[in-house]
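Each remark here refers to the structure printed beneath this line.
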Amino acid sequence: MSVETKKLNFIQAINQALVQAMDADPTILVLGEDIADREGGGVVGVTKGLSTRFGDDRVKSTPISEQAIIGAAIGAAIDGYKPVAEIMLMNFTTVCMDMIVNHAAKLRYMSGGQTTVPIVIRMMTGAGISSGGQHSDFLEAWFAHTPGLKVVAPSNPADAKGLMLSCIADPDPCIFIETSRAYGVAGDVPVDATPIPLGKARLAREGADVTLISYAEMVTRCLTAAAELEKDGISAEVVDLRTISPWDEEAVLASVRKTGRAVIVHEAVRTFGVGAEIAAILHEKLFRELKAPVGRLGAPFTPVPFAGNLEQAFLVQPGAIVEAARATMAAN
């Protein structure tokens with residue numbers, strides 16, 4: 001059965017997910033700084049049209065206070081609503097970590113399962129657009145390290161819509177990461193999208209020699225690298241995690257068991273990153289089946305530079321992925 005699709009970019013796909021969900025469920029609220037239409041529908045326009053369609057009672061522009069946004073979202077969630085909170089930039093979550101980590105993430109556990117916090121916290125981030133070190137960090141490892149939180153990072157517009165629908169429907173708090181430099185990337189998105197299950201990876205490309213494991217915009221760079229590796233006769237499989245926590249251990253293990261080699265690629269700094277956790281699991285569970293040590297690629301251990309040339313040096317480029325895969329293939 002064919003599925004009707006429409007060419008949308010990330011911004012439009014997330015907007016359409018919100019429209020679809022809010023149409024179906026009157027308990028879904030949206031709140032954040034400048035998100036109403038009179039303020040432009042959000043800093044990049046993700047919430048454009050929502051306040052006109054659903055009214056100011058369900059689409060709230062807030063004061064410039066991330067603590068107030070998350071606090072109000074948690075309170076509304078406990079009262080039976082499903083808030084989607086826009087925190088604008090991922091770095092701004094650092095001023096409301098107490099509410100996210102000590103309250104939203106723990107209330108289910110501390111109430112013996114009687115109280116859940118069904119909130120989605122949207123945030124954009126990423127290097128490459130000269131936003132400076134205070135606006136560009138990928139901090140997913142902080143959240144993935146916290147029990148009670150789900151962490152989601154789509155790599156394409158269709159996944160952004162489907163994963164957003166799942167996050168909204170989830171009974172527990174979800175961190176939803178949007179790569180800002182990919183906002184304009186367009187793709188075919190189902191008009192009546194169905195939720196994409198959280199915790200399930202996507203096989204973005206089949207291969208036989210080495211597995212490239214990634215998430216968010218870095219998946220695109222892995223696919224570019226895989227095409228380059230093909231010219232050398234190296235068949236690279238690309239696994240898109242989609243959800244960082246919980247990550248799809250079964251799918252990743254199955255792929256690496258097939259290829260015998262793996263390189264993990266993420267934008268965040270390599271030190272203490274998500275790649276370290278995945279590499280450790282792969283070595284623990286596939287030690288005798290690996291043909292080479294698991295490789296990891298991430299940014300250098302430094303704040304994100306402002307200067308364009310330094311930002312590009314900071315970001316993992318497809319060429320570095322190619323070299324890492326070649327090195328893995330050469331190892332015995």
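How things are named: the first chain in the structure tokens is A, the next is B, and so on; residues count from 1 in each chain; ligands count from 1 in the order shown.
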
*segment 11-27 of chain A: which residues within 9 Å, counting only C-alpha atoms, same-chain residues fewer than 3 positions away excluded, as an MDAnalysis selection string?*
chainID A and resid 8 30 44:50 53:54 58 80:84 157:165 168:169 183:186 189 191:193

Using N, CA, C and O atoms, can you export the residues from the last selection as a CSV table (one decimal), in the first residue's frame?
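What follows is the written file part.csv:
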```
chain,number,residue,atom,x,y,z
A,8,LEU,N,9.2,17.8,2.7
A,8,LEU,CA,9.3,18.8,3.8
A,8,LEU,C,10.7,18.8,4.3
A,8,LEU,O,11.5,17.8,4.3
A,30,VAL,N,1.9,23.5,23.9
A,30,VAL,CA,3.3,23.9,23.4
A,30,VAL,C,3.6,25.1,24.1
A,30,VAL,O,2.8,26.1,24.2
A,44,VAL,N,13.2,29.7,14.7
A,44,VAL,CA,13.4,29.2,13.3
A,44,VAL,C,12.1,28.9,12.7
A,44,VAL,O,12.1,28.4,11.5
A,45,GLY,N,11.0,29.1,13.4
A,45,GLY,CA,9.7,28.9,12.7
A,45,GLY,C,9.1,27.5,12.9
A,45,GLY,O,8.1,27.2,12.2
A,46,VAL,N,9.6,26.7,13.8
A,46,VAL,CA,9.0,25.4,14.0
A,46,VAL,C,7.6,25.4,14.4
A,46,VAL,O,6.8,24.6,14.0
A,47,THR,N,7.2,26.4,15.2
A,47,THR,CA,5.8,26.4,15.8
A,47,THR,C,5.0,27.4,15.0
A,47,THR,O,3.9,27.8,15.5
A,48,LYS,N,5.4,27.8,13.8
A,48,LYS,CA,4.7,28.8,13.0
A,48,LYS,C,3.3,28.2,12.7
A,48,LYS,O,3.1,27.1,12.2
A,49,GLY,N,2.3,29.1,13.0
A,49,GLY,CA,0.9,28.7,12.7
A,49,GLY,C,0.1,28.0,13.8
A,49,GLY,O,-1.1,27.9,13.7
A,50,LEU,N,0.8,27.5,14.8
A,50,LEU,CA,0.2,26.8,15.8
A,50,LEU,C,-0.7,27.6,16.7
A,50,LEU,O,-1.8,27.2,17.1
A,53,ARG,N,-3.9,28.5,14.9
A,53,ARG,CA,-4.8,27.3,14.7
A,53,ARG,C,-5.4,26.8,16.0
A,53,ARG,O,-6.5,26.4,16.1
A,54,PHE,N,-4.5,26.8,17.1
A,54,PHE,CA,-5.0,26.1,18.3
A,54,PHE,C,-5.2,27.1,19.5
A,54,PHE,O,-5.7,26.7,20.5
A,58,ARG,N,-3.3,27.0,24.3
A,58,ARG,CA,-2.5,25.7,24.0
A,58,ARG,C,-1.1,26.0,23.5
A,58,ARG,O,-0.3,25.1,23.4
A,80,GLY,N,-2.0,16.3,34.1
A,80,GLY,CA,-2.8,15.6,33.0
A,80,GLY,C,-2.6,16.1,31.6
A,80,GLY,O,-3.2,15.5,30.7
A,81,TYR,N,-1.7,17.0,31.4
A,81,TYR,CA,-1.4,17.5,30.1
A,81,TYR,C,-0.2,16.9,29.5
A,81,TYR,O,0.6,16.2,30.2
A,82,LYS,N,0.0,17.1,28.2
A,82,LYS,CA,1.2,16.6,27.5
A,82,LYS,C,2.0,17.8,26.9
A,82,LYS,O,1.8,18.1,25.7
A,83,PRO,N,2.8,18.5,27.7
A,83,PRO,CA,3.5,19.6,27.1
A,83,PRO,C,4.7,19.3,26.2
A,83,PRO,O,5.4,18.4,26.5
A,84,VAL,N,4.8,20.1,25.2
A,84,VAL,CA,6.0,20.1,24.4
A,84,VAL,C,6.7,21.4,24.6
A,84,VAL,O,6.2,22.5,24.2
A,157,PRO,N,14.0,14.3,7.9
A,157,PRO,CA,12.7,14.9,8.2
A,157,PRO,C,11.6,13.9,8.5
A,157,PRO,O,10.8,14.1,9.4
A,158,ALA,N,11.6,12.8,7.8
A,158,ALA,CA,10.6,11.8,8.0
A,158,ALA,C,10.7,11.2,9.5
A,158,ALA,O,9.7,11.0,10.2
A,159,ASP,N,11.9,10.9,9.9
A,159,ASP,CA,12.2,10.4,11.2
A,159,ASP,C,11.8,11.5,12.2
A,159,ASP,O,11.3,11.2,13.3
A,160,ALA,N,12.1,12.7,11.9
A,160,ALA,CA,11.8,13.8,12.9
A,160,ALA,C,10.3,13.8,13.2
A,160,ALA,O,9.9,14.0,14.3
A,161,LYS,N,9.5,13.6,12.1
A,161,LYS,CA,8.0,13.6,12.4
A,161,LYS,C,7.6,12.4,13.1
A,161,LYS,O,6.9,12.5,14.1
A,162,GLY,N,8.0,11.2,12.7
A,162,GLY,CA,7.6,10.0,13.4
A,162,GLY,C,8.1,9.9,14.8
A,162,GLY,O,7.4,9.4,15.7
A,163,LEU,N,9.3,10.3,15.0
A,163,LEU,CA,9.9,10.2,16.4
A,163,LEU,C,9.2,11.3,17.3
A,163,LEU,O,9.0,11.0,18.5
A,164,MET,N,8.9,12.4,16.8
A,164,MET,CA,8.2,13.4,17.6
A,164,MET,C,6.9,12.9,18.0
A,164,MET,O,6.5,13.1,19.2
A,165,LEU,N,6.1,12.2,17.1
A,165,LEU,CA,4.8,11.7,17.5
A,165,LEU,C,5.0,10.7,18.6
A,165,LEU,O,4.2,10.6,19.6
A,168,ILE,N,5.8,12.5,22.0
A,168,ILE,CA,4.5,13.1,22.5
A,168,ILE,C,3.7,12.1,23.2
A,168,ILE,O,3.1,12.3,24.3
A,169,ALA,N,3.6,10.9,22.6
A,169,ALA,CA,2.7,9.8,23.2
A,169,ALA,C,3.4,9.1,24.3
A,169,ALA,O,2.7,8.4,25.1
A,183,TYR,N,18.4,21.9,9.5
A,183,TYR,CA,17.0,22.3,9.4
A,183,TYR,C,16.4,22.5,8.0
A,183,TYR,O,15.3,22.2,7.7
A,184,GLY,N,17.2,22.9,7.1
A,184,GLY,CA,16.8,23.2,5.7
A,184,GLY,C,16.8,21.9,4.8
A,184,GLY,O,16.3,22.0,3.7
A,185,VAL,N,17.3,20.8,5.3
A,185,VAL,CA,17.4,19.6,4.5
A,185,VAL,C,16.0,19.0,4.4
A,185,VAL,O,15.2,18.8,5.3
A,186,ALA,N,15.6,18.7,3.1
A,186,ALA,CA,14.3,18.3,2.8
A,186,ALA,C,14.3,16.8,2.5
A,186,ALA,O,15.3,16.2,2.0
A,189,VAL,N,8.2,13.0,3.5
A,189,VAL,CA,7.6,12.8,4.8
A,189,VAL,C,6.2,12.3,4.7
A,189,VAL,O,5.4,13.0,3.9
A,191,VAL,N,2.4,12.1,4.9
A,191,VAL,CA,1.4,13.1,5.3
A,191,VAL,C,0.7,12.7,6.6
A,191,VAL,O,0.6,13.5,7.6
A,192,ASP,N,0.2,11.5,6.6
A,192,ASP,CA,-0.4,10.9,7.9
A,192,ASP,C,0.6,10.0,8.5
A,192,ASP,O,0.6,8.8,8.4
A,193,ALA,N,1.6,10.6,9.2
A,193,ALA,CA,2.7,9.8,9.7
A,193,ALA,C,2.3,8.9,10.9
A,193,ALA,O,1.4,9.3,11.6
```

*Enumerate the residues of segment 87-245 of chain A with a DSSP assignment of helix (DSSP H, G or I), computed from the backbone, and present them as an MDAnalysis selection string.*
chainID A and resid 90:104 107:110 140:144 157:169 180:182 218:231

*asked:* Please determine, counting only C-alpha atoms, which residue among A:Asp172, A:Glu289, A:Asp137, A:Asp34 has the shortest atom-to-atom distance to Pro118 of chain A.
replied: A:Asp172

*Suppose you want the space between atom CA of Val210 of chain A and atom CA of Ala313 of chain A; what is it in Å?*
24.8 Å

*Give the strand (DSSP E or B) residues of segment 149-317 of chain A, as assigned by DSSP on the backbone, as number ranges by chain.*
A: 150-152, 174-179, 186-190, 202-205, 210-214, 236-240, 243-245, 262-269, 295-299

If you take only C-alpha atoms and a cut-off of 8 Å, which residues of segment 105-126 of chain A touch segment 59-78 of chain A, and what are their nearest atom pairs and distances in Å to one decimal, in chain and number order, as a tab-separated table?
```
residue	atom	partner	partner_atom	distance
A:Thr115	CA	A:Ile78	CA	6.7
A:Thr116	CA	A:Ile78	CA	6.7
A:Val117	CA	A:Ala77	CA	5.3
A:Pro118	CA	A:Ala77	CA	5.8
A:Ile119	CA	A:Ala77	CA	6.5
```

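Within the 6 Å cut-off around Asp248 of chain A, using only C-alpha atoms and omitting residues fewer than 4 positions from it on the same chain, the listed residues are A:Gly199, A:Lys200, A:Ala201.
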
Expected file: the selected residues, N, CA, C and O atoms, as an mmCIF file, in the first residue's frame:
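Written file, out-v6.cif:
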```cif
data_model
loop_
_atom_site.group_PDB
_atom_site.id
_atom_site.type_symbol
_atom_site.label_atom_id
_atom_site.label_comp_id
_atom_site.auth_asym_id
_atom_site.auth_seq_id
_atom_site.Cartn_x
_atom_site.Cartn_y
_atom_site.Cartn_z
ATOM 1 N N GLY A 199 13.742 3.742 20.683
ATOM 2 C CA GLY A 199 14.645 2.643 21.039
ATOM 3 C C GLY A 199 14.905 1.666 19.919
ATOM 4 O O GLY A 199 15.532 0.624 20.133
ATOM 5 N N LYS A 200 14.423 1.989 18.704
ATOM 6 C CA LYS A 200 14.638 1.118 17.559
ATOM 7 C C LYS A 200 15.470 1.848 16.502
ATOM 8 O O LYS A 200 15.100 2.925 16.043
ATOM 9 N N ALA A 201 16.575 1.227 16.123
ATOM 10 C CA ALA A 201 17.467 1.846 15.147
ATOM 11 C C ALA A 201 16.954 1.627 13.722
ATOM 12 O O ALA A 201 16.046 0.828 13.485
#
```
